[in-house]
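The block underneath contains the structure these notes are about, expressed in structure tokens.
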Amino acid sequence: MTITQASVIQEYKTRTHNTDESPGYFTTDELQKLANLWSLIIDYLAANKDKRITVNSELLERVKNTWPDLRQDETIDMQDNEQVTRRAWKFTKGESTVRKLGLLNRKPVDHERQLLERHVCETTQEYVDRVSGHHVPLLPTSYFPSFKYPDNATRNWRDVFWAIASAKQHPDIWVHRYLRANGWDTNKAFVCIQSVIEWRAAQALDQINWEGDICLGFDEQRLGILQLVGHDKLGFPLTYFRVRRIMPRANQSFVFKRYLIHQFETIQHITRSHSRITMLCDFTGFSMDNTPFNIVHFLVTLGTKHYAESTSVLILLVDSWLFANFWSLIRPFLDASLSARIVFAKTMNDVLVFIDESQVPEELGGLNKIDMMKVPEVNDNCKLFDEKRRQMAEIEWREKVEKFEEATRIWCTRFNGDKSDTYSDVRDNAAHELDRAECHLGQFTRARTQYARLNMVDSNGQLRPFPKK
């Protein structure tokens with residue numbers, strides 16, 4: 001089925017999710033193509049069991065080498081954590097400054113303006129150390145990828161593949177995205193997956209997940225530039241992207257690129273049972289100062305390639321004619337599938353087609369009061385220090401990977417188009433065991449996130465159901 005903007009809008013108006021081409025609803029032909037893709041993957045894994053990829057992550061090196069050189073600019077009382085983490089906009093009723101959006105009049109309080117004007121790249125670790133007056137060990141002193149492949153200069157292709165494929169409840173959820181993104185062309189999907197795995201390995205995304213927000217810029221987090229805030233009308237998790245809060249120093253792109261990757265990775269892991277998310281991008285107050293082209297281009301690359309087919313709808317909230325020129329530069333880089341899922345909103349009614357008022361952020365005139373962040377504490381990542389339990393969890397994960405891989409190999413060779421045959425059942429059971437093993441291992445290989453500190457995820461790091469508001 002061809003996805004169009006009209007069909008996407010109709011889904012939300014009727015609150016009826018189109019399950020075509022989705023896991024659990026594949027046609028026999030789609031299942032056959034999925035089996036063909038898995039055959040290519042399994043054969044490649046067997047032939048390249050020990051393939052190593054050199055880590056060449058400019059993000060890690062530049063963050064490590066550059067951040068300490070960017071000194072603190074004390075233009076705001078950084079000790080007052082309540083001041084800098086409260087909601088950045090206060091509200092007054094009256095004539096709106098963005099009338100056509102139909103929003104409440106937004107007046108920036110001093111601390112947001114000061115944060116945006118600062119040119120400081122202080123990490124969370126550096127902030128906690130400074131306000132504590134001594135070093136607080138929020139992470140172990142060094143990282144290694146795994147007990148089987150401890151060399152931090154390279155990554156094992158097979159490990160990187162299974163780490164991301166098992167990040168969803170069923171590996172089919174991740175793998176099938178690349179079939180959809182490539183028009184169900186098996187060979188193109190396989191080439192795309194190879195490219196994504198090599199990118200993930202070279203960028204050492206496992207280490208970015210392990211370090212979590214401890215090594216991110218603290219101001220980016222306090223400003224809540226990109227946050228998971230609720231759900232849309234179809235039940236997909238809703239993220240809110242405050243474009244106006246991108247700081248001018250984001251022109252030093254390594255800072256914000258790492259922030260974006262970490263947010264994408266975090267949301268992907270805590271929404272493992274969901275195939276898609278919805279993103280509300282607030283472009284009100286748009287200017288080229290807070291929307292550098294290279295950053296937006298990088299974001300498009302993430303959405304169309306590295307995290308392909310993960311968006312239900314992308315809502316662009318716009319109030320500036322300047323955005324039209326900017327959009328003309330971005331549009332050529334979008335693929336047809338993502339383009340069909342992009343809608344523009346000029347009024348609150350446009351937003352309410354996709355999101356209930358109870359889920360619309362308060363600063364946009366909705367009823368959703370968003371918690372911004374909590375500062376990590378000394379025992380936040382205690383499980384990252386427990387190497388013995390991590391090793392045991394890794395052994396279990398590898399056993400479940402081998403079990404699912406073997407079940408998938410048999411399923412591929414004996415696939416007959418029957419969705420409920422014995423081989424499919426065995427494979428699905430193996431996927432369930434792999435899901436549990438990955439959740440357990442993740443407790444020792446991924447730092448706790450803001451969502452855990454805000455009690456938005458459960459003990460396995462999975463998103464809790466959002467309460468009705």
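If you're wondering about the labels, chains in the structure tokens are A, B, ... by order shown, residues count from 1 in each chain, ligands from 1 in order shown.
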Exercise. Could you pull the residues within 9 Å of Val160 of chain A, counting only C-alpha atoms, minus those fewer than 2 positions along the same chain, as an NGL selection string?
Worked result: :A and (155-158 or 162-165 or 197-198 or 200-201 or 206)
Output N, CA and C atoms for every residue in the selection just made, as an mmCIF file, in the first residue's frame.
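Result file selection_25.cif:
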data_model
loop_
_atom_site.group_PDB
_atom_site.id
_atom_site.type_symbol
_atom_site.label_atom_id
_atom_site.label_comp_id
_atom_site.auth_asym_id
_atom_site.auth_seq_id
_atom_site.Cartn_x
_atom_site.Cartn_y
_atom_site.Cartn_z
ATOM 1 N N ARG A 155 34.785 -2.763 16.645
ATOM 2 C CA ARG A 155 33.522 -3.385 17.018
ATOM 3 C C ARG A 155 33.289 -4.608 16.139
ATOM 4 N N ASN A 156 32.681 -5.618 16.716
ATOM 5 C CA ASN A 156 32.334 -6.828 15.978
ATOM 6 C C ASN A 156 31.012 -6.620 15.243
ATOM 7 N N TRP A 157 31.009 -6.864 13.924
ATOM 8 C CA TRP A 157 29.828 -6.592 13.087
ATOM 9 C C TRP A 157 28.615 -7.344 13.622
ATOM 10 N N ARG A 158 28.818 -8.616 13.939
ATOM 11 C CA ARG A 158 27.703 -9.455 14.393
ATOM 12 C C ARG A 158 27.112 -8.925 15.696
ATOM 13 N N TRP A 162 23.159 -7.564 16.227
ATOM 14 C CA TRP A 162 22.195 -8.144 17.163
ATOM 15 C C TRP A 162 21.855 -7.186 18.292
ATOM 16 N N ALA A 163 22.772 -6.278 18.625
ATOM 17 C CA ALA A 163 22.468 -5.295 19.666
ATOM 18 C C ALA A 163 21.321 -4.395 19.247
ATOM 19 N N ILE A 164 21.312 -3.961 17.988
ATOM 20 C CA ILE A 164 20.239 -3.067 17.541
ATOM 21 C C ILE A 164 18.996 -3.864 17.139
ATOM 22 N N ALA A 165 19.168 -5.049 16.547
ATOM 23 C CA ALA A 165 17.996 -5.847 16.147
ATOM 24 C C ALA A 165 17.198 -6.288 17.371
ATOM 25 N N ILE A 197 24.712 -0.653 10.066
ATOM 26 C CA ILE A 197 25.524 -1.366 11.065
ATOM 27 C C ILE A 197 26.947 -0.820 11.079
ATOM 28 N N GLU A 198 27.504 -0.579 9.912
ATOM 29 C CA GLU A 198 28.865 -0.035 9.852
ATOM 30 C C GLU A 198 28.925 1.374 10.440
ATOM 31 N N ARG A 200 26.884 2.537 12.833
ATOM 32 C CA ARG A 200 26.710 2.402 14.276
ATOM 33 C C ARG A 200 28.023 1.944 14.930
ATOM 34 N N ALA A 201 28.715 1.028 14.260
ATOM 35 C CA ALA A 201 29.978 0.533 14.799
ATOM 36 C C ALA A 201 31.034 1.625 14.798
ATOM 37 N N ASP A 206 27.308 2.137 21.014
ATOM 38 C CA ASP A 206 27.219 1.395 22.274
ATOM 39 C C ASP A 206 27.841 2.204 23.410
#
For this session: Using backbone DSSP assignments, extract all strand (DSSP E or B) residues from segment 220-292 of chain A; output them as a PyMOL selection string.
Result: chain A and resi 226-231+237-242+277-282
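By only C-alpha atoms, and with residues fewer than 5 positions from Cys439 of chain A along its chain excluded, the set lying at most 10 Å from it is Ser166, Ala167, Lys168, Gln169, His269, Ile270, Arg272, Ala393, Trp397, Leu434, Phe444, Ser459, Asn460, Gly461 and Gln462 of chain A.
Counting only C-alpha atoms and comparing A:His262, A:His134, A:Arg331, A:Arg414, the residue that lies closest to Asp213 of chain A is A:His262.
Comparing A:His306, A:His297, A:Arg389, A:Lys33 by their smallest distance to His176 of chain A, the closest is A:Lys33 (using only C-alpha atoms).
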